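Step one of this worksheet: look at the structure below.
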Amino acid sequence: MQTGSGAGPEKPDVALSLEATDLAWGPPGRAPLISGVSFALTPGDRLAIVGPNGAGKSTLLRCLYRLHRPLAGAVRVGGTDLWSLAPRLAARKIAAVLQEAPGDFAFTVQEMVDAGRTPHAGGIAGRAAGARAVAAAMRRMEVSHLAGRAFSTLSGGEKQRALIARALAQEPGVLVLDEPTNHLDIRHRLEAVELLRGLAMTIVTTLHDLDMAADVASKVLVLRAGRQMAFGPVSGTLQPALIRQSFDVEAEIAPRGPSLRFDYRLPERRADSSAESSE
Ligand code: ADP
Ligand code: MG
């Protein structure tokens, strides 16, 4: 995928602010799966949401891309309440790259990425701008050569790149991604990190690797059992005590190279662990 400086002149992305205040969501009639989540991102911020399996990371993302309507609290994008917007307008402001995409399998890659333009205006000028955005997104994610292939026949990494291309074609102000590096090999993972750092739009991504969170993000939100443990700048927030409380591991900050790195080990007295099992 083309990233950062190698990408050539791209249409400048327009970043939007994103704010969650005292957000809670749960299935009807059940205890909330997440509650008390509050954070504020300025345009162009990159937020990593981290936490153990089952902490509620994907659930929080679903509130941010307008799938789950909050039980309490609010999400504001560019200062506007997400649920006061028509779905189509919301989709012009926030795009999502998700792990599961069951509805996508019947389509070619071209059709998939074209679908990113659905929320945008039609007309001759709109269609021309759309075609340019689609072509640029496919080039950037190196899926142009896969245009005619059925999405279902792609490898995991190719699928992931096609899904990111669709979201870029949508030209959102906020891009939300759920574990975007999961199916990527080492090279594409490094390229994804570079890509996320190079996008001008506001980014919210779940990641399970704290080293990667430190590489990608300017801010971090730590979730455990549906509660927000911390929100703040990556360095300064991801401290050993917080990592211990949130992940039940001993952590040290390893002084290696320019970026933040962590060493982990299991706590000594594992029999003492009273942490709720989350999966
Ligand atoms: P994470 O992404 O951090 O691994 P999830 O947000 O997927 O966690 O899930 C958090 C918890 O909420 C899990 O125990 C999951 O099974 C549960 N959960 C998620 N969505 C629903 C739902 N719609 N109804 C009931 N339980 C759910
Ligand atoms: Mg998840």
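In the structure tokens, the first chain shown is A, the next is B, and so on; residue numbers restart at 1 for each chain, and ligands run from 1 in the order shown.
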
Please identify every residue of chain A that has at least one atom no farther than 6 Å from an atom of ligand 1, counting only C-alpha atoms and all ligand atoms, and for each give the shortest atom pair and the distance in Å to one decimal, arranged by chain then increasing number, as a tab-separated table.
```
residue	atom	partner	partner_atom_place_in_ligand_line	distance
A:Pro27	CA	ligand 1	24 (N)	5.1
A:Leu33	CA	ligand 1	12 (O)	5.5
A:Asn53	CA	ligand 1	4 (O)	3.9
A:Gly54	CA	ligand 1	8 (O)	3.4
A:Ala55	CA	ligand 1	3 (O)	3.8
A:Gly56	CA	ligand 1	6 (O)	3.2
A:Lys57	CA	ligand 1	3 (O)	3.7
A:Ser58	CA	ligand 1	2 (O)	3.7
A:Thr59	CA	ligand 1	6 (O)	3.7
A:Ser278	CA	ligand 1	14 (O)	5.8
A:Glu279	CA	ligand 1	14 (O)	5.8
```

Per residue of segment 110-138 of chain A within 10 Å of segment 165-182 of chain A, record the nearest atom pair and its distance in Å to one decimal, counting only C-alpha atoms, with rows in chain order and ascending residue number, as JSON lines.
```
{"residue": "A:Gln110", "atom": "CA", "partner": "A:Arg166", "partner_atom": "CA", "distance": 9.1}
{"residue": "A:Glu111", "atom": "CA", "partner": "A:Arg166", "partner_atom": "CA", "distance": 9.3}
{"residue": "A:Met112", "atom": "CA", "partner": "A:Arg166", "partner_atom": "CA", "distance": 6.5}
{"residue": "A:Val113", "atom": "CA", "partner": "A:Arg166", "partner_atom": "CA", "distance": 4.0}
{"residue": "A:Asp114", "atom": "CA", "partner": "A:Arg166", "partner_atom": "CA", "distance": 7.0}
{"residue": "A:Ala115", "atom": "CA", "partner": "A:Arg166", "partner_atom": "CA", "distance": 6.9}
{"residue": "A:Gly116", "atom": "CA", "partner": "A:Gln170", "partner_atom": "CA", "distance": 4.5}
{"residue": "A:Arg117", "atom": "CA", "partner": "A:Gln170", "partner_atom": "CA", "distance": 5.3}
{"residue": "A:Thr118", "atom": "CA", "partner": "A:Gln170", "partner_atom": "CA", "distance": 8.0}
{"residue": "A:Pro119", "atom": "CA", "partner": "A:Gln170", "partner_atom": "CA", "distance": 7.7}
{"residue": "A:His120", "atom": "CA", "partner": "A:Gln170", "partner_atom": "CA", "distance": 7.8}
{"residue": "A:Gly130", "atom": "CA", "partner": "A:Ala169", "partner_atom": "CA", "distance": 7.5}
{"residue": "A:Ala131", "atom": "CA", "partner": "A:Ala169", "partner_atom": "CA", "distance": 8.9}
{"residue": "A:Arg132", "atom": "CA", "partner": "A:Ala169", "partner_atom": "CA", "distance": 8.7}
{"residue": "A:Ala133", "atom": "CA", "partner": "A:Ala169", "partner_atom": "CA", "distance": 5.1}
{"residue": "A:Val134", "atom": "CA", "partner": "A:Ala169", "partner_atom": "CA", "distance": 4.9}
{"residue": "A:Ala135", "atom": "CA", "partner": "A:Ala169", "partner_atom": "CA", "distance": 8.2}
{"residue": "A:Ala136", "atom": "CA", "partner": "A:Ala169", "partner_atom": "CA", "distance": 7.7}
{"residue": "A:Ala137", "atom": "CA", "partner": "A:Ala165", "partner_atom": "CA", "distance": 4.9}
{"residue": "A:Met138", "atom": "CA", "partner": "A:Ala165", "partner_atom": "CA", "distance": 5.5}
```

What would the file look like if the residues just selected were written as a short mmCIF file (atom, residue, chain, number, x, y, z; two decimals), in the first residue's frame with all heavy atoms?
```
data_model
loop_
_atom_site.label_atom_id
_atom_site.label_comp_id
_atom_site.auth_asym_id
_atom_site.auth_seq_id
_atom_site.Cartn_x
_atom_site.Cartn_y
_atom_site.Cartn_z
N GLN A 110 -13.91 -4.14 -6.78
CA GLN A 110 -14.33 -2.83 -7.33
C GLN A 110 -15.68 -2.42 -6.76
O GLN A 110 -15.86 -1.27 -6.32
CB GLN A 110 -14.44 -2.93 -8.87
CG GLN A 110 -14.82 -1.62 -9.55
CD GLN A 110 -13.66 -0.63 -9.55
OE1 GLN A 110 -12.57 -0.94 -10.00
NE2 GLN A 110 -13.89 0.57 -9.03
N GLU A 111 -16.63 -3.35 -6.74
CA GLU A 111 -17.97 -3.03 -6.22
C GLU A 111 -17.91 -2.67 -4.73
O GLU A 111 -18.61 -1.77 -4.26
CB GLU A 111 -18.92 -4.22 -6.44
CG GLU A 111 -19.29 -4.41 -7.90
CD GLU A 111 -19.95 -5.76 -8.18
OE1 GLU A 111 -19.74 -6.73 -7.42
OE2 GLU A 111 -20.67 -5.84 -9.18
N MET A 112 -17.04 -3.41 -4.02
CA MET A 112 -16.89 -3.14 -2.59
C MET A 112 -16.41 -1.72 -2.34
O MET A 112 -16.92 -1.01 -1.48
CB MET A 112 -15.82 -4.06 -2.00
CG MET A 112 -16.21 -5.47 -1.87
SD MET A 112 -16.72 -5.77 -0.22
CE MET A 112 -15.51 -4.83 0.66
N VAL A 113 -15.36 -1.33 -3.08
CA VAL A 113 -14.77 -0.01 -2.85
C VAL A 113 -15.72 1.07 -3.36
O VAL A 113 -15.89 2.12 -2.73
CB VAL A 113 -13.36 0.09 -3.47
CG1 VAL A 113 -12.75 1.45 -3.17
CG2 VAL A 113 -12.46 -1.02 -2.94
N ASP A 114 -16.40 0.79 -4.50
CA ASP A 114 -17.42 1.73 -5.01
C ASP A 114 -18.48 2.01 -3.94
O ASP A 114 -18.99 3.13 -3.83
CB ASP A 114 -18.13 1.15 -6.24
CG ASP A 114 -17.29 1.25 -7.51
OD1 ASP A 114 -16.33 2.05 -7.52
OD2 ASP A 114 -17.60 0.54 -8.48
N ALA A 115 -18.79 0.98 -3.14
CA ALA A 115 -19.84 1.13 -2.12
C ALA A 115 -19.48 2.19 -1.09
O ALA A 115 -20.35 2.76 -0.43
CB ALA A 115 -20.10 -0.20 -1.42
N GLY A 116 -18.19 2.50 -0.97
CA GLY A 116 -17.77 3.58 -0.08
C GLY A 116 -18.36 4.93 -0.47
O GLY A 116 -18.45 5.84 0.35
N ARG A 117 -18.79 5.04 -1.73
CA ARG A 117 -19.33 6.32 -2.20
C ARG A 117 -20.82 6.45 -1.97
O ARG A 117 -21.40 7.52 -2.22
CB ARG A 117 -19.03 6.51 -3.70
CG ARG A 117 -17.55 6.54 -4.04
CD ARG A 117 -16.78 7.58 -3.27
NE ARG A 117 -17.24 8.95 -3.53
CZ ARG A 117 -16.75 10.01 -2.93
NH1 ARG A 117 -15.80 9.88 -2.01
NH2 ARG A 117 -17.21 11.22 -3.20
N THR A 118 -21.48 5.39 -1.52
CA THR A 118 -22.94 5.39 -1.37
C THR A 118 -23.47 6.60 -0.61
O THR A 118 -24.47 7.19 -1.00
CB THR A 118 -23.40 4.08 -0.68
OG1 THR A 118 -22.85 2.98 -1.40
CG2 THR A 118 -24.92 3.98 -0.65
N PRO A 119 -22.83 7.02 0.50
CA PRO A 119 -23.40 8.16 1.24
C PRO A 119 -23.23 9.50 0.55
O PRO A 119 -23.79 10.49 1.00
CB PRO A 119 -22.63 8.15 2.57
CG PRO A 119 -21.59 7.10 2.49
CD PRO A 119 -21.67 6.43 1.18
N HIS A 120 -22.46 9.54 -0.54
CA HIS A 120 -22.17 10.83 -1.17
C HIS A 120 -23.17 11.17 -2.26
O HIS A 120 -23.84 10.29 -2.81
CB HIS A 120 -20.75 10.83 -1.74
CG HIS A 120 -19.69 10.85 -0.68
ND1 HIS A 120 -19.20 12.00 -0.15
CD2 HIS A 120 -19.08 9.84 -0.01
CE1 HIS A 120 -18.31 11.72 0.79
NE2 HIS A 120 -18.22 10.40 0.89
N GLY A 130 -16.33 10.80 -7.21
CA GLY A 130 -16.38 9.48 -6.60
C GLY A 130 -15.43 8.52 -7.27
O GLY A 130 -14.69 7.78 -6.60
N ALA A 131 -15.43 8.53 -8.61
CA ALA A 131 -14.54 7.62 -9.35
C ALA A 131 -13.08 7.92 -9.03
O ALA A 131 -12.25 7.01 -8.88
CB ALA A 131 -14.81 7.73 -10.85
N ARG A 132 -12.76 9.22 -8.89
CA ARG A 132 -11.38 9.59 -8.55
C ARG A 132 -11.03 9.11 -7.14
O ARG A 132 -9.95 8.59 -6.90
CB ARG A 132 -11.19 11.12 -8.63
CG ARG A 132 -11.01 11.64 -10.04
CD ARG A 132 -10.45 13.06 -10.05
NE ARG A 132 -11.32 14.01 -9.36
CZ ARG A 132 -12.37 14.62 -9.94
NH1 ARG A 132 -12.66 14.38 -11.21
NH2 ARG A 132 -13.11 15.47 -9.25
N ALA A 133 -11.98 9.28 -6.21
CA ALA A 133 -11.71 8.87 -4.83
C ALA A 133 -11.53 7.35 -4.75
O ALA A 133 -10.64 6.85 -4.03
CB ALA A 133 -12.86 9.31 -3.92
N VAL A 134 -12.34 6.62 -5.50
CA VAL A 134 -12.23 5.15 -5.50
C VAL A 134 -10.89 4.71 -6.08
O VAL A 134 -10.18 3.88 -5.49
CB VAL A 134 -13.41 4.53 -6.29
CG1 VAL A 134 -13.13 3.07 -6.61
CG2 VAL A 134 -14.71 4.68 -5.50
N ALA A 135 -10.52 5.31 -7.21
CA ALA A 135 -9.25 4.92 -7.85
C ALA A 135 -8.07 5.25 -6.93
O ALA A 135 -7.13 4.45 -6.79
CB ALA A 135 -9.11 5.62 -9.20
N ALA A 136 -8.11 6.41 -6.29
CA ALA A 136 -7.01 6.81 -5.40
C ALA A 136 -6.93 5.87 -4.21
O ALA A 136 -5.83 5.46 -3.80
CB ALA A 136 -7.20 8.25 -4.93
N ALA A 137 -8.08 5.51 -3.65
CA ALA A 137 -8.08 4.62 -2.48
C ALA A 137 -7.55 3.25 -2.86
O ALA A 137 -6.80 2.62 -2.10
CB ALA A 137 -9.50 4.52 -1.92
N MET A 138 -7.93 2.77 -4.04
CA MET A 138 -7.46 1.43 -4.46
C MET A 138 -5.96 1.43 -4.74
O MET A 138 -5.27 0.48 -4.40
CB MET A 138 -8.26 0.95 -5.67
CG MET A 138 -9.70 0.63 -5.29
SD MET A 138 -10.75 0.11 -6.65
CE MET A 138 -10.15 -1.54 -6.96
#
```

As a CSV table (one decimal) with N, CA, C and O atoms, in the first residue's frame, please: the residues near Pro240 of chain A (cut-off 6 Å, only C-alpha atoms, same-chain neighbours under 2 positions excluded).
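Resulting contents of part_12.csv:
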```csv
chain,number,residue,atom,x,y,z
A,242,LEU,N,-0.7,0.8,35.4
A,242,LEU,CA,-2.0,0.8,34.7
A,242,LEU,C,-2.1,-0.5,33.9
A,242,LEU,O,-3.1,-1.2,33.8
A,243,ILE,N,-0.9,-0.9,33.2
A,243,ILE,CA,-0.9,-2.1,32.4
A,243,ILE,C,-1.2,-3.3,33.3
A,243,ILE,O,-2.0,-4.2,33.0
A,251,ALA,N,4.5,-5.5,33.7
A,251,ALA,CA,5.0,-4.8,32.5
A,251,ALA,C,6.2,-3.9,32.9
A,251,ALA,O,6.2,-3.3,34.0
A,252,GLU,N,7.2,-3.8,32.0
A,252,GLU,CA,8.2,-2.8,32.2
A,252,GLU,C,8.3,-2.1,30.9
A,252,GLU,O,8.1,-2.7,29.8
```

Next on the checklist: as a PyMOL selection string, please: every residue in segment 37-178 of chain A that a backbone DSSP assignment puts in helix (DSSP H, G or I).
Outcome noted: chain A and resi 57-64+82-84+87-93+102-104+109-117+123-140+144-146+151-153+156-169

Next on the checklist: Going by DSSP on the backbone, which residues of segment 115-274 of chain A come out as strand (DSSP E)? List them as a PyMOL selection string.
Outcome noted: chain A and resi 174-178+202-206+219-224+227-233+250-254+261-265

Writing out the chosen residues with C-alpha atoms as an mmCIF file, in the first residue's frame:
```cif
data_model
loop_
_atom_site.group_PDB
_atom_site.id
_atom_site.type_symbol
_atom_site.label_atom_id
_atom_site.label_comp_id
_atom_site.auth_asym_id
_atom_site.auth_seq_id
_atom_site.Cartn_x
_atom_site.Cartn_y
_atom_site.Cartn_z
ATOM 1 C CA VAL A 174 -13.178 10.109 11.264
ATOM 2 C CA LEU A 175 -11.974 6.608 10.461
ATOM 3 C CA VAL A 176 -12.811 3.847 12.937
ATOM 4 C CA LEU A 177 -10.967 0.519 12.663
ATOM 5 C CA ASP A 178 -11.356 -2.733 14.625
ATOM 6 C CA THR A 202 -9.088 11.544 12.882
ATOM 7 C CA ILE A 203 -8.412 7.871 13.648
ATOM 8 C CA VAL A 204 -9.909 5.585 16.281
ATOM 9 C CA THR A 205 -8.565 2.056 16.230
ATOM 10 C CA THR A 206 -8.666 -0.920 18.541
ATOM 11 C CA LYS A 219 -3.724 9.079 22.497
ATOM 12 C CA VAL A 220 -4.793 5.873 24.178
ATOM 13 C CA LEU A 221 -7.960 4.729 25.928
ATOM 14 C CA VAL A 222 -7.681 1.662 28.157
ATOM 15 C CA LEU A 223 -10.797 -0.437 28.740
ATOM 16 C CA ARG A 224 -11.239 -3.263 31.192
ATOM 17 C CA ARG A 227 -14.941 0.484 32.253
ATOM 18 C CA GLN A 228 -12.544 3.175 31.154
ATOM 19 C CA MET A 229 -9.300 2.747 33.083
ATOM 20 C CA ALA A 230 -7.513 5.687 31.479
ATOM 21 C CA PHE A 231 -7.516 8.119 28.585
ATOM 22 C CA GLY A 232 -4.621 10.378 27.656
ATOM 23 C CA PRO A 233 -1.437 10.805 25.629
ATOM 24 C CA GLU A 250 3.679 -7.346 34.972
ATOM 25 C CA ALA A 251 5.045 -4.807 32.510
ATOM 26 C CA GLU A 252 8.214 -2.843 32.166
ATOM 27 C CA ILE A 253 8.909 -0.071 29.765
ATOM 28 C CA ALA A 254 11.830 -1.333 27.727
ATOM 29 C CA ARG A 261 8.297 -0.594 23.973
ATOM 30 C CA PHE A 262 7.008 -2.916 26.671
ATOM 31 C CA ASP A 263 8.227 -6.164 28.190
ATOM 32 C CA TYR A 264 5.625 -8.368 29.864
ATOM 33 C CA ARG A 265 5.501 -11.375 32.130
#
```

Item to check | Residue with smallest distance to Ala95 of chain A - pool A:Leu163, A:Leu184, A:Ala24, A:Ala241, counting only C-alpha atoms | outcome: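 That would be A:Leu163, the residue with the smallest distance to Ala95 of chain A.
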
Next on the checklist: Residues near Ile164 of chain A, anyone? I mean within 8 Å using only C-alpha atoms, not counting same-chain ones fewer than 4 positions away, as JSON, numbers by chain.
Outcome noted: {"A": [97, 141, 160, 168]}

Next on the checklist: I'd like the neighbourhood of Leu266 of chain A as JSON, numbers by chain, where a residue qualifies if any of its atoms comes within 10 Å (using only C-alpha atoms), though same-chain residues fewer than 2 positions away should be ignored.
Outcome noted: {"A": [244, 247, 248, 249, 250, 251, 264, 268, 269, 270]}

Next on the checklist: I want to know what sits within 8 Å of Ala217 of chain A, based on only C-alpha atoms, with residues of the same chain fewer than 6 positions away left out; could you give that as number ranges by chain?
Outcome noted: A: 45-48, 197, 234

Could you turn the residues from that selection into a file that holds N, CA, C and O atoms, as a compact mmCIF listing (two decimals), in the first residue's frame?
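The resulting file, out.txt, is shown below:
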```
# COMPACT_ATOMS: atom_id res chain seq x y z
N ASP A 45 -6.28 13.76 15.60
CA ASP A 45 -5.81 12.87 16.66
C ASP A 45 -5.91 11.42 16.21
O ASP A 45 -6.78 11.07 15.41
N ARG A 46 -5.05 10.58 16.75
CA ARG A 46 -5.14 9.13 16.50
C ARG A 46 -5.26 8.44 17.84
O ARG A 46 -4.33 8.45 18.65
N LEU A 47 -6.43 7.82 18.06
CA LEU A 47 -6.71 7.17 19.35
C LEU A 47 -6.60 5.66 19.20
O LEU A 47 -7.22 5.07 18.31
N ALA A 48 -5.83 5.02 20.07
CA ALA A 48 -5.82 3.55 20.15
C ALA A 48 -6.67 3.15 21.36
O ALA A 48 -6.46 3.68 22.46
N ARG A 197 -0.58 6.48 10.43
CA ARG A 197 0.12 7.70 10.88
C ARG A 197 0.06 8.79 9.82
O ARG A 197 0.16 9.97 10.14
N VAL A 234 -0.30 8.80 24.79
CA VAL A 234 0.22 7.43 24.91
C VAL A 234 1.31 7.35 25.97
O VAL A 234 1.22 6.57 26.92
```

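Rounded to one decimal, atom CA of Pro32 of chain A and atom CA of Ala96 of chain A lie 22.7 Å from each other.
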
Next on the checklist: Using only C-alpha atoms and all ligand atoms for the distances, tell me which of A:Ala86, A:Ala91, A:Leu207, A:Leu238 is nearest to ligand 2.
Outcome noted: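 When distances to ligand 2 are compared using only C-alpha atoms and all ligand atoms, the smallest one comes from A:Leu207.
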
Checklist entry - A:Ala225, A:Leu260, A:Ile186, A:Ala72: which is nearest Gly51 of chain A, counting only C-alpha atoms? => result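 With only C-alpha atoms as the atom set, the closest residue is A:Ala225.
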